[in-house]
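Have a look at input-v2.cif; it's mmCIF, N, CA and C atoms:
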```
data_input
loop_
_atom_site.label_atom_id
_atom_site.label_comp_id
_atom_site.auth_asym_id
_atom_site.auth_seq_id
_atom_site.Cartn_x
_atom_site.Cartn_y
_atom_site.Cartn_z
N MET J 979 -29.97 5.59 6.42
CA MET J 979 -28.69 5.94 7.00
C MET J 979 -27.90 6.76 5.98
N LYS J 980 -26.90 7.48 6.48
CA LYS J 980 -26.11 8.34 5.61
C LYS J 980 -24.62 8.13 5.83
N ILE J 981 -23.88 8.37 4.76
CA ILE J 981 -22.42 8.35 4.82
C ILE J 981 -21.93 9.72 4.36
N TRP J 982 -21.01 10.29 5.14
CA TRP J 982 -20.35 11.52 4.73
C TRP J 982 -18.99 11.14 4.18
N ALA J 983 -18.79 11.35 2.89
CA ALA J 983 -17.52 11.03 2.23
C ALA J 983 -16.81 12.34 1.92
N LYS J 984 -15.50 12.37 2.16
CA LYS J 984 -14.76 13.60 1.90
C LYS J 984 -13.33 13.30 1.46
N THR J 985 -12.82 14.16 0.57
CA THR J 985 -11.42 14.11 0.21
C THR J 985 -10.72 15.25 0.94
N ILE J 986 -9.50 15.00 1.38
CA ILE J 986 -8.79 15.95 2.21
C ILE J 986 -7.38 16.19 1.64
N VAL J 987 -7.02 17.47 1.55
CA VAL J 987 -5.68 17.87 1.15
C VAL J 987 -5.14 18.79 2.23
N GLU J 988 -4.01 18.42 2.80
CA GLU J 988 -3.37 19.21 3.87
C GLU J 988 -4.38 19.62 4.94
N GLU J 989 -5.15 18.67 5.42
CA GLU J 989 -6.12 18.83 6.50
C GLU J 989 -7.31 19.73 6.15
N LYS J 990 -7.54 19.98 4.86
CA LYS J 990 -8.70 20.76 4.43
C LYS J 990 -9.57 19.90 3.52
N ILE J 991 -10.86 19.98 3.74
CA ILE J 991 -11.80 19.22 2.91
C ILE J 991 -11.89 19.88 1.54
N THR J 992 -11.63 19.10 0.49
CA THR J 992 -11.68 19.63 -0.87
C THR J 992 -12.95 19.21 -1.60
N ARG J 993 -13.49 18.05 -1.29
CA ARG J 993 -14.76 17.57 -1.85
C ARG J 993 -15.49 16.83 -0.74
N ASP J 994 -16.81 16.91 -0.77
CA ASP J 994 -17.56 16.07 0.16
C ASP J 994 -18.91 15.73 -0.43
N LEU J 995 -19.50 14.68 0.11
CA LEU J 995 -20.78 14.17 -0.37
C LEU J 995 -21.50 13.51 0.79
N LEU J 996 -22.77 13.78 0.91
CA LEU J 996 -23.61 13.11 1.89
C LEU J 996 -24.45 12.10 1.11
N TYR J 997 -24.20 10.82 1.35
CA TYR J 997 -24.80 9.75 0.57
C TYR J 997 -25.75 8.94 1.44
N GLU J 998 -26.98 8.73 0.96
CA GLU J 998 -27.97 7.92 1.70
C GLU J 998 -27.92 6.48 1.21
N TYR J 999 -27.99 5.55 2.16
CA TYR J 999 -27.97 4.13 1.82
C TYR J 999 -28.89 3.38 2.78
N GLU J 1000 -29.29 2.20 2.36
CA GLU J 1000 -30.18 1.38 3.18
C GLU J 1000 -29.44 0.72 4.33
N SER J 1001 -28.50 -0.14 4.00
CA SER J 1001 -27.69 -0.80 5.01
C SER J 1001 -26.47 -1.43 4.34
N ILE J 1002 -25.49 -1.71 5.15
CA ILE J 1002 -24.30 -2.42 4.67
C ILE J 1002 -24.13 -3.62 5.58
N ALA J 1003 -24.52 -4.78 5.06
CA ALA J 1003 -24.53 -5.99 5.87
C ALA J 1003 -23.29 -6.86 5.64
N ASN J 1004 -22.62 -6.67 4.49
CA ASN J 1004 -21.46 -7.51 4.21
C ASN J 1004 -20.44 -6.73 3.37
N GLU J 1005 -19.32 -7.35 3.12
CA GLU J 1005 -18.23 -6.69 2.41
C GLU J 1005 -18.60 -6.33 0.98
N ASN J 1006 -19.40 -7.16 0.31
CA ASN J 1006 -19.82 -6.86 -1.06
C ASN J 1006 -20.69 -5.61 -1.12
N GLU J 1007 -21.60 -5.44 -0.17
CA GLU J 1007 -22.44 -4.25 -0.12
C GLU J 1007 -21.59 -3.02 0.20
N PHE J 1008 -20.57 -3.18 1.03
CA PHE J 1008 -19.66 -2.09 1.35
C PHE J 1008 -18.93 -1.62 0.08
N VAL J 1009 -18.40 -2.55 -0.69
CA VAL J 1009 -17.68 -2.21 -1.92
C VAL J 1009 -18.62 -1.56 -2.94
N ALA J 1010 -19.83 -2.09 -3.08
CA ALA J 1010 -20.80 -1.51 -4.02
C ALA J 1010 -21.17 -0.08 -3.62
N THR J 1011 -21.36 0.16 -2.33
CA THR J 1011 -21.66 1.50 -1.84
C THR J 1011 -20.48 2.42 -2.08
N LEU J 1012 -19.28 1.94 -1.82
CA LEU J 1012 -18.07 2.72 -2.04
C LEU J 1012 -17.92 3.10 -3.52
N GLN J 1013 -18.22 2.17 -4.42
CA GLN J 1013 -18.15 2.45 -5.86
C GLN J 1013 -19.15 3.52 -6.26
N GLU J 1014 -20.35 3.47 -5.71
CA GLU J 1014 -21.38 4.46 -6.00
C GLU J 1014 -20.95 5.84 -5.50
N ILE J 1015 -20.42 5.91 -4.29
CA ILE J 1015 -19.96 7.18 -3.72
C ILE J 1015 -18.84 7.77 -4.58
N CYS J 1016 -17.86 6.96 -4.93
CA CYS J 1016 -16.73 7.44 -5.73
C CYS J 1016 -17.19 7.88 -7.12
N GLY J 1017 -18.16 7.19 -7.69
CA GLY J 1017 -18.71 7.59 -8.98
C GLY J 1017 -19.37 8.96 -8.90
N GLN J 1018 -20.13 9.19 -7.84
CA GLN J 1018 -20.79 10.49 -7.67
C GLN J 1018 -19.79 11.61 -7.37
N MET J 1019 -18.68 11.27 -6.73
CA MET J 1019 -17.66 12.28 -6.42
C MET J 1019 -16.65 12.45 -7.56
N ASP J 1020 -16.75 11.62 -8.57
CA ASP J 1020 -15.86 11.63 -9.73
C ASP J 1020 -14.40 11.43 -9.32
N ILE J 1021 -14.19 10.40 -8.49
CA ILE J 1021 -12.84 10.00 -8.09
C ILE J 1021 -12.71 8.49 -8.32
N PRO J 1022 -11.48 7.99 -8.45
CA PRO J 1022 -11.32 6.54 -8.60
C PRO J 1022 -11.77 5.80 -7.34
N THR J 1023 -12.15 4.56 -7.50
CA THR J 1023 -12.54 3.74 -6.36
C THR J 1023 -11.29 3.10 -5.75
N PRO J 1024 -11.10 3.22 -4.45
CA PRO J 1024 -9.93 2.60 -3.83
C PRO J 1024 -10.07 1.09 -3.74
N VAL J 1025 -8.97 0.43 -3.51
CA VAL J 1025 -8.97 -1.00 -3.26
C VAL J 1025 -9.39 -1.19 -1.80
N ALA J 1026 -10.59 -1.69 -1.59
CA ALA J 1026 -11.11 -1.86 -0.24
C ALA J 1026 -10.80 -3.27 0.25
N THR J 1027 -10.30 -3.36 1.46
CA THR J 1027 -9.95 -4.65 2.05
C THR J 1027 -10.93 -4.97 3.18
N TYR J 1028 -10.78 -6.15 3.73
CA TYR J 1028 -11.61 -6.53 4.87
C TYR J 1028 -11.36 -5.59 6.05
N VAL J 1029 -10.13 -5.11 6.18
CA VAL J 1029 -9.81 -4.18 7.27
C VAL J 1029 -10.64 -2.90 7.14
N ASN J 1030 -10.77 -2.37 5.92
CA ASN J 1030 -11.60 -1.18 5.71
C ASN J 1030 -13.05 -1.45 6.09
N PHE J 1031 -13.58 -2.58 5.64
CA PHE J 1031 -14.96 -2.95 5.97
C PHE J 1031 -15.12 -3.09 7.48
N ASN J 1032 -14.18 -3.76 8.12
CA ASN J 1032 -14.23 -3.98 9.56
C ASN J 1032 -14.18 -2.66 10.33
N HIS J 1033 -13.32 -1.75 9.92
CA HIS J 1033 -13.26 -0.43 10.57
C HIS J 1033 -14.57 0.31 10.41
N PHE J 1034 -15.18 0.21 9.24
CA PHE J 1034 -16.45 0.91 9.01
C PHE J 1034 -17.54 0.34 9.92
N VAL J 1035 -17.57 -0.97 10.05
CA VAL J 1035 -18.59 -1.61 10.89
C VAL J 1035 -18.36 -1.32 12.37
N LEU J 1036 -17.12 -1.42 12.82
CA LEU J 1036 -16.83 -1.25 14.24
C LEU J 1036 -16.75 0.20 14.70
N PHE J 1037 -16.19 1.07 13.86
CA PHE J 1037 -15.92 2.45 14.27
C PHE J 1037 -16.71 3.50 13.49
N ASN J 1038 -17.55 3.06 12.56
CA ASN J 1038 -18.38 3.94 11.72
C ASN J 1038 -17.57 4.84 10.79
N ASN J 1039 -16.31 4.52 10.55
CA ASN J 1039 -15.55 5.24 9.54
C ASN J 1039 -14.37 4.40 9.07
N THR J 1040 -13.83 4.79 7.92
CA THR J 1040 -12.61 4.20 7.42
C THR J 1040 -11.95 5.22 6.52
N ARG J 1041 -10.63 5.10 6.36
CA ARG J 1041 -9.87 6.07 5.58
C ARG J 1041 -9.02 5.35 4.54
N PHE J 1042 -8.85 6.04 3.43
CA PHE J 1042 -8.02 5.53 2.34
C PHE J 1042 -6.97 6.57 2.00
N LYS J 1043 -5.72 6.12 1.85
CA LYS J 1043 -4.62 6.98 1.46
C LYS J 1043 -4.36 6.80 -0.04
N PRO J 1044 -3.58 7.68 -0.65
CA PRO J 1044 -3.32 7.55 -2.09
C PRO J 1044 -2.78 6.18 -2.50
N ARG J 1045 -2.05 5.52 -1.61
CA ARG J 1045 -1.51 4.19 -1.94
C ARG J 1045 -2.60 3.13 -2.08
N ASP J 1046 -3.82 3.42 -1.59
CA ASP J 1046 -4.94 2.48 -1.69
C ASP J 1046 -5.66 2.57 -3.03
N PHE J 1047 -5.23 3.47 -3.91
CA PHE J 1047 -5.84 3.65 -5.22
C PHE J 1047 -4.90 3.15 -6.29
N VAL J 1048 -5.47 2.53 -7.33
CA VAL J 1048 -4.65 2.08 -8.46
C VAL J 1048 -4.24 3.29 -9.30
N GLU J 1049 -5.17 4.23 -9.50
CA GLU J 1049 -4.90 5.45 -10.25
C GLU J 1049 -4.34 6.52 -9.31
N SER J 1050 -3.67 7.51 -9.88
CA SER J 1050 -3.17 8.59 -9.04
C SER J 1050 -4.35 9.50 -8.67
N VAL J 1051 -4.27 10.09 -7.48
CA VAL J 1051 -5.34 10.94 -6.97
C VAL J 1051 -4.77 12.29 -6.56
N ASP J 1052 -5.63 13.29 -6.47
CA ASP J 1052 -5.20 14.65 -6.14
C ASP J 1052 -5.53 15.04 -4.70
N PHE J 1053 -5.55 14.06 -3.80
CA PHE J 1053 -5.84 14.33 -2.40
C PHE J 1053 -4.97 13.46 -1.52
N ASP J 1054 -4.88 13.84 -0.25
CA ASP J 1054 -4.04 13.12 0.72
C ASP J 1054 -4.80 12.02 1.45
N LEU J 1055 -6.13 12.17 1.53
CA LEU J 1055 -6.93 11.23 2.31
C LEU J 1055 -8.36 11.21 1.78
N PHE J 1056 -8.94 10.03 1.72
CA PHE J 1056 -10.35 9.86 1.40
C PHE J 1056 -10.98 9.21 2.62
N ASP J 1057 -11.90 9.92 3.24
CA ASP J 1057 -12.50 9.49 4.50
C ASP J 1057 -14.00 9.27 4.31
N ILE J 1058 -14.50 8.12 4.76
CA ILE J 1058 -15.95 7.91 4.77
C ILE J 1058 -16.38 7.63 6.20
N GLU J 1059 -17.49 8.24 6.56
CA GLU J 1059 -17.96 8.18 7.94
C GLU J 1059 -19.48 8.01 7.96
N ALA J 1060 -19.95 7.06 8.74
CA ALA J 1060 -21.39 6.88 8.91
C ALA J 1060 -21.93 7.99 9.79
N VAL J 1061 -23.01 8.61 9.34
CA VAL J 1061 -23.62 9.69 10.10
C VAL J 1061 -24.83 9.11 10.83
N PRO J 1062 -24.81 9.15 12.15
CA PRO J 1062 -25.94 8.56 12.89
C PRO J 1062 -27.21 9.38 12.69
N GLU J 1063 -28.32 8.68 12.61
CA GLU J 1063 -29.62 9.33 12.47
C GLU J 1063 -30.05 9.87 13.82
N LYS J 1064 -30.57 11.07 13.81
CA LYS J 1064 -31.10 11.62 15.05
C LYS J 1064 -32.50 11.08 15.26
N LYS J 1065 -32.74 10.63 16.46
CA LYS J 1065 -34.07 10.12 16.78
C LYS J 1065 -34.96 11.29 17.15
N THR J 1066 -36.14 11.30 16.55
CA THR J 1066 -37.08 12.36 16.85
C THR J 1066 -38.14 11.84 17.79
N LYS J 1067 -38.55 12.69 18.67
CA LYS J 1067 -39.59 12.32 19.62
C LYS J 1067 -40.96 12.73 19.06
N ASN J 1068 -41.90 11.82 19.14
CA ASN J 1068 -43.25 12.14 18.71
C ASN J 1068 -44.01 12.77 19.85
N LYS J 1069 -44.39 14.01 19.68
CA LYS J 1069 -45.16 14.68 20.73
C LYS J 1069 -46.64 14.56 20.39
N GLN J 1070 -47.39 14.14 21.37
CA GLN J 1070 -48.83 13.94 21.12
C GLN J 1070 -49.64 14.73 22.11
#
```

Would you kindly transcribe this structure into structure tokens?
Amino acid sequence: MKIWAKTIVEEKITRDLLYEYESIANENEFVATLQEICGQMDIPTPVATYVNFNHFVLFNNTRFKPRDFVESVDFDLFDIEAVPEKKTKNKQ
């Protein structure tokens, strides 16, 4: 599975990353995946709550605003979205 992570300033994508992961079964795996994504994007990791995890599981995305970060950030929004895998048909 893949996650598309992006930082947004004034409705424009300033950074993005397509990150592959196995699965996210619980809140701890969600936070660990989020830390890995933020490390690769060279941005601080936001404070993730159960609400963020729940939105990701139910709606396949969640968003973080600058107030969700302990450090100051240079973007208006950090958005992560699960990218569904396309099913391929085997032709025989």

Written as a PyMOL selection string, which residues does the PyMOL selection byres ((chain J and resi 983-994) around 6) give for the file shown? chain J and resi 981-982+995-997+1053-1059

Pick from J:Tyr999, J:Phe1047, J:Phe1034, J:Tyr1028, whichever lies nearest to Ile1015 of chain J using only C-alpha atoms: J:Tyr999

Atom CA of Glu998 of chain J and atom N of Ile1021 of chain J are how many Å apart? 17.3 Å

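Proximity of J:Glu1014, J:Glu1063, J:Glu1005, J:Asp1052 to Phe1031 of chain J, computed with all atoms listed in the file, is greatest for J:Glu1005.
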
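In this model, the gap between atom CA of Lys1043 of chain J and atom C of Pro1024 of chain J comes to 9.6 Å.
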
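When only C-alpha atoms are used to measure the gap to Val1009 of chain J, the shortest distance among J:Val1061, J:Val1025, J:Leu1036, J:Val1048 belongs to J:Val1025.
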
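Atom pair atom N of Asn1004 of chain J / atom C of Asn1030 of chain J has a distance of 11.0 Å (rounded to one decimal).
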
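Backbone DSSP assigns helix (DSSP H, G or I) in chain J to J:Glu1005, J:Asn1006, J:Glu1007, J:Phe1008, J:Val1009, J:Ala1010, J:Thr1011, J:Leu1012, J:Gln1013, J:Glu1014, J:Ile1015, J:Cys1016, J:Gly1017, J:Gln1018, J:Met1019, J:Tyr1028, J:Val1029, J:Asn1030, J:Phe1031, J:Asn1032, J:His1033, J:Phe1034, J:Val1035, J:Leu1036, J:Phe1037, J:Pro1044, J:Arg1045, J:Asp1046.
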
Backbone DSSP call of strand (DSSP E or B) for segment 986-1065 of chain J, listed as an MDAnalysis selection string: chainID J and resid 986:987 990:998 1039:1042 1055:1061

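With distances restricted to only N, CA and C atoms, J:Val1051 is the closest residue to Pro1022 of chain J from J:Arg1045, J:Asn1039, J:Ser1001, J:Val1051.
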
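Considering the residues J:Met979, J:Ala1026, J:Val1035, J:Ala1060 and counting all atoms listed in the file, Glu1000 of chain J has its shortest atom-to-atom contact with J:Met979.
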